[in-house]
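Structure first, then comments.
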Amino acid sequence: MSNPRSAGALRPLLAALALLPLALTVEAAGYRFGTQSAAAEGTANANGAEAADASTLFANPAGITRLSPGWNFSGVLDYLDAKARFTDAGSTISLPGSGLAPRAISTVGDTVDFTKPVVVPHAYLSYRDSDTLAYGLGVFVPWGTKLNYRPDWGGRYNLQKVELQSLSLNPNIAFKPRADLSLAAGLNLEYMDGKLRRAVPYASVYAAGLLNAAHQAAAGGAPGLALQLQQQAAQIFGDPAYDGSIAIKGKDWGIGFNLALLWEPVAGTRLGATYRSGVSHKLKGSADWTQPANLPANVLAAITASPYNGVSALDHNDSDASLSVHTPETLSLHGFHQVTSTIAVMADFTWTRDSRLKQLRIDFANSTADSITAEHWKDSSKVSVGAQWRVMPTLLLRTGFSKDRSPVPSNTRSPALPDAHRTWYALGANWALTDSASVDFSFGHVKLKDAAMEATDDGDGETPCNCAYSTARGNYTTKATIVGVQFNYKF
């Protein structure tokens with residue numbers, strides 16, 4: 001029923017195994033989550049050198065040496081509401097080598113909204129043992145997303161649903177070798193759990209088999225039958241009635257580390273640096289293929305045949321699957337200056353080594369070919385500036401501004417990560433309830449640059465190709481509201 005071209009047409013290219021979608025519903029570019037502290041969010045994450053509460057464990061763990069003696073706790077709850085919309089500009093599917101013209105799989109101008117609000121918690125606990133030694137533990141979400149496209153949208157063969165959950169356990173120790181300098185080091189124990197689903201265009205397989213049969217009929221001296229089979233193939237190709245699906249899930253634990261320093265050259269002025277290493281993950285789980293019930297028996301037999309030999313066997317049988325990913329390392333440089341007794345200014349520059357990510361390659365435990373997604377990311381950077389004003393002894397007001405450059409090139413933008421450069425405006429406040437307790441509030445508005453996408457499932461040019469040869473074509477518009485609340489307590 002198949003030939004080398006048809007084999008490629010029916011093995012869909014799986015996008016990132018619920019991993020690299022990550023950032024559309026949040027404000028950090030790439031797939032960093034970026035909302036780990038409401039106190040920081042009130043300055044658009046410019047306050048890494050402030051070190052005012054236990055949430056400094058994320059931005060600069062060396063800052064816990066500045067906190068009150070004894071225990072310090074910060075609990076954070078973030079509400080993220082992204083408004084993301086895709087407007088179709090003519091998505092198509094092709095069948096290379098068949099002679100069939102690309103078929104439309106959407107309506108130009110069709111729109112789809114694919115995000116919903118999420119609530120994310122984080123917690124931090126530190127203990128200052130002496131003037132020179134402190135310990136801390138951060139429990140936070142470093143990566144995460146949940147995208148749910150309409151099942152019939154134009155990019156359904158690229159992606160329908162994706163969900164990523166993650167959690168980091170980050171113990172740290174900080175000490176002061178001298179009065180003006182604090183150093184810190186920590187381990188990052190990171191868990192990831194991902195799920196992905198996409199449609200599979202089995203009409204391409206069916207049509208390829210009919211064309212192959214037409215070629216055989218023509219060679220055997222039956223031109224009438226050959227024409228009939230060609231016409232049937234043209235009618236079936238691109239028909240969503242023959243759509244199936246693939247669902248993948250996987251999980252893994254990984255380990256990394258972090259280093260930090262905080263230097264106060266003069267009273268009221270602090271400079272800091274934080275390095276967080278990447279974490280190597282091999283997400284292991286399962287791949288679940290579903291074929292439509294209306295496929296002829298011989299087509300279904302070709303789809304599930306094994307082993308794969310590049311010509312006749314596709315092995316769309318359920319199996320284990322895995323994806324190796326190394327999350328990017330980050331380096332942050334930040335400063336804080338107390339201008340007057342009531343006004344302070346601050347800034348942060350963060351560099352992320354996103355260029356590690358060239359391809360996403362999913363390995364199936366059965367005999368089907370690897371699935372490859374082109375990414376070819378660039379290193380990214382973020383610049384934040386902020387200020388705060390102590391209006392009265394119990395009330396501190398904050399504001400901030402951030403420009404975040406996306407690592408995603410326009411020519412490899414995909415439905416799993418339709419990222420773009422972004423701008424963030426932030427407001428915040430800290431209200432002291434008692435001498436030991438306070439509450440932080442933050443509000444942020446994030447606007448992503450409008451982004452065009454033309455994502456084709458072609459295996460980044462590799463063969464044999466685990467591809468659908470579909471092209472999701474259109475434009476994204478995205479904005480987000482971020483509301484954070486944080487409770488701080490000293491005891």
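Ligands are numbered from 1 in the order shown, residues from 1 within each chain, and chains are lettered A, B, ... in the order they appear in the structure tokens.
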(request) List the neighbours of Ser384 in chain A out to 7 Å using only C-alpha atoms; skip same-chain residues closer than 3 positions along the sequence, and give me the result as an MDAnalysis selection string. (result) chainID A and resid 44:46 347:349 401:403
Considering only C-alpha atoms, give me a table of residues in range 101-217 of chain A that are at most 7 Å from range 465-477 of chain A, with the closest atom pair and distance in Å for each, as a Markdown table.
```
| residue | atom | partner | partner_atom | distance |
| --- | --- | --- | --- | --- |
| A:Gly154 | CA | A:Ala472 | CA | 5.9 |
| A:Gly155 | CA | A:Ala472 | CA | 4.6 |
| A:Tyr157 | CA | A:Ser470 | CA | 6.5 |
| A:Pro201 | CA | A:Ala468 | CA | 6.7 |
```
(request) Would you please extract all alpha helix (DSSP H) residues from range 108-241 of chain A, as assigned by DSSP on the backbone, and give them as JSON, numbers by chain? (result) {"A": [202, 203, 204, 205, 206, 207, 208, 209, 210, 211, 212, 213, 214, 215, 216, 217, 218, 219, 223, 224, 225, 226, 227, 228, 229, 230, 231, 232, 233, 234, 235, 236]}
(request) Identify all residues of range 95-228 of chain A in strand (DSSP E) (DSSP on the backbone) and supply them as a PyMOL selection string. (result) chain A and resi 103-104+111-113+118-128+133-140+145-148+161-178+181-201
(message) Using only C-alpha atoms for the distances, tell me which of A:Ala82, A:Leu433, A:Ala420, A:Val76 is nearest to Tyr124 in chain A.
(response)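 Of A:Ala82, A:Leu433, A:Ala420, A:Val76, the one nearest Tyr124 in chain A, counting only C-alpha atoms, is A:Val76.
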(message) Here is a test: counting only C-alpha atoms, which residue of A:Asn72, A:Asn212, A:Ser322, A:Ser286 is nearest to Leu360 in chain A?
(response) A:Ser322
(request) For range 272-283 of chain A, list every protein, DNA or RNA residue within 7 Å, evaluated using only C-alpha atoms, and leave out those in the same chain fewer than 3 positions away; present the list as an MDAnalysis selection string. (result) chainID A and resid 49 60 250:263 322:335
(message) Quick one: residues within 8 Å of Phe491 in chain A, only C-alpha atoms, excluding same-chain residues fewer than 2 positions away - as number ranges by chain?
(response) A: 70-72, 436, 489
Selected residues written out, C-alpha atoms, as a PDB file, in the first residue's frame:
```pdb
ATOM      1  CA  GLY A  70      15.871  32.855  62.845  1.00  0.00           C
ATOM      2  CA  TRP A  71      13.237  31.614  60.405  1.00  0.00           C
ATOM      3  CA  ASN A  72      11.853  33.520  57.418  1.00  0.00           C
ATOM      4  CA  SER A 436       6.712  39.876  61.872  1.00  0.00           C
ATOM      5  CA  TYR A 489       6.494  35.800  58.087  1.00  0.00           C
TER       6      TYR A 489
END
```
(request) Have a look at A:Ala38, A:Ala429, A:Ala101, A:Met192 and name the one nearest to His122 in chain A; count only C-alpha atoms. (result)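 Comparing A:Ala38, A:Ala429, A:Ala101, A:Met192 against His122 in chain A, the winner is A:Ala38.
Nearest to Ala293 in chain A of all the residues A:Thr352, A:Tyr242, A:Tyr127, A:Leu396 is A:Tyr242, counting only C-alpha atoms.
Ranking A:Ala426, A:Thr304, A:Val408, A:Ala203 by their shortest atom-to-atom distance to Ser367 in chain A, with only C-alpha atoms included, puts A:Thr304 first.
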(message) From the options A:Thr350, A:Asp457, A:Gly99, A:Asp243, which residue's atoms come nearest to Leu211 in chain A, counting only C-alpha atoms?
(response) A:Gly99
(message) Need to verify the contact set: Leu427 in chain A, 8 Å, only C-alpha atoms, exclusion of same-chain residues closer than 6 positions in sequence. Can you return it as number ranges by chain?
(response) A: 41-43, 397-400, 442-444
Write a file of the selected residues as an mmCIF file, in the first residue's frame, keeping N, CA and C atoms.
```cif
data_model
loop_
_atom_site.group_PDB
_atom_site.id
_atom_site.type_symbol
_atom_site.label_atom_id
_atom_site.label_comp_id
_atom_site.auth_asym_id
_atom_site.auth_seq_id
_atom_site.Cartn_x
_atom_site.Cartn_y
_atom_site.Cartn_z
ATOM 1 N N GLU A 41 7.823 40.434 41.162
ATOM 2 C CA GLU A 41 6.950 40.767 40.038
ATOM 3 C C GLU A 41 6.489 42.218 40.078
ATOM 4 N N GLY A 42 6.416 42.805 41.276
ATOM 5 C CA GLY A 42 6.038 44.211 41.387
ATOM 6 C C GLY A 42 7.060 45.155 40.796
ATOM 7 N N THR A 43 8.294 44.651 40.566
ATOM 8 C CA THR A 43 9.341 45.449 39.916
ATOM 9 C C THR A 43 9.711 44.871 38.550
ATOM 10 N N LEU A 397 5.499 51.020 47.990
ATOM 11 C CA LEU A 397 4.975 50.900 46.625
ATOM 12 C C LEU A 397 6.114 50.587 45.658
ATOM 13 N N ARG A 398 5.811 49.779 44.632
ATOM 14 C CA ARG A 398 6.823 49.365 43.669
ATOM 15 C C ARG A 398 6.308 49.570 42.241
ATOM 16 N N THR A 399 7.252 49.667 41.312
ATOM 17 C CA THR A 399 6.921 49.654 39.890
ATOM 18 C C THR A 399 8.117 49.115 39.124
ATOM 19 N N GLY A 400 7.867 48.642 37.889
ATOM 20 C CA GLY A 400 8.958 48.098 37.104
ATOM 21 C C GLY A 400 8.604 47.992 35.633
ATOM 22 N N SER A 442 1.134 42.219 43.574
ATOM 23 C CA SER A 442 1.729 42.661 42.305
ATOM 24 C C SER A 442 0.706 42.543 41.198
ATOM 25 N N PHE A 443 0.860 43.422 40.217
ATOM 26 C CA PHE A 443 0.026 43.392 39.020
ATOM 27 C C PHE A 443 0.924 43.668 37.827
ATOM 28 N N GLY A 444 0.825 42.822 36.808
ATOM 29 C CA GLY A 444 1.646 43.016 35.620
ATOM 30 C C GLY A 444 0.844 42.872 34.343
#
```
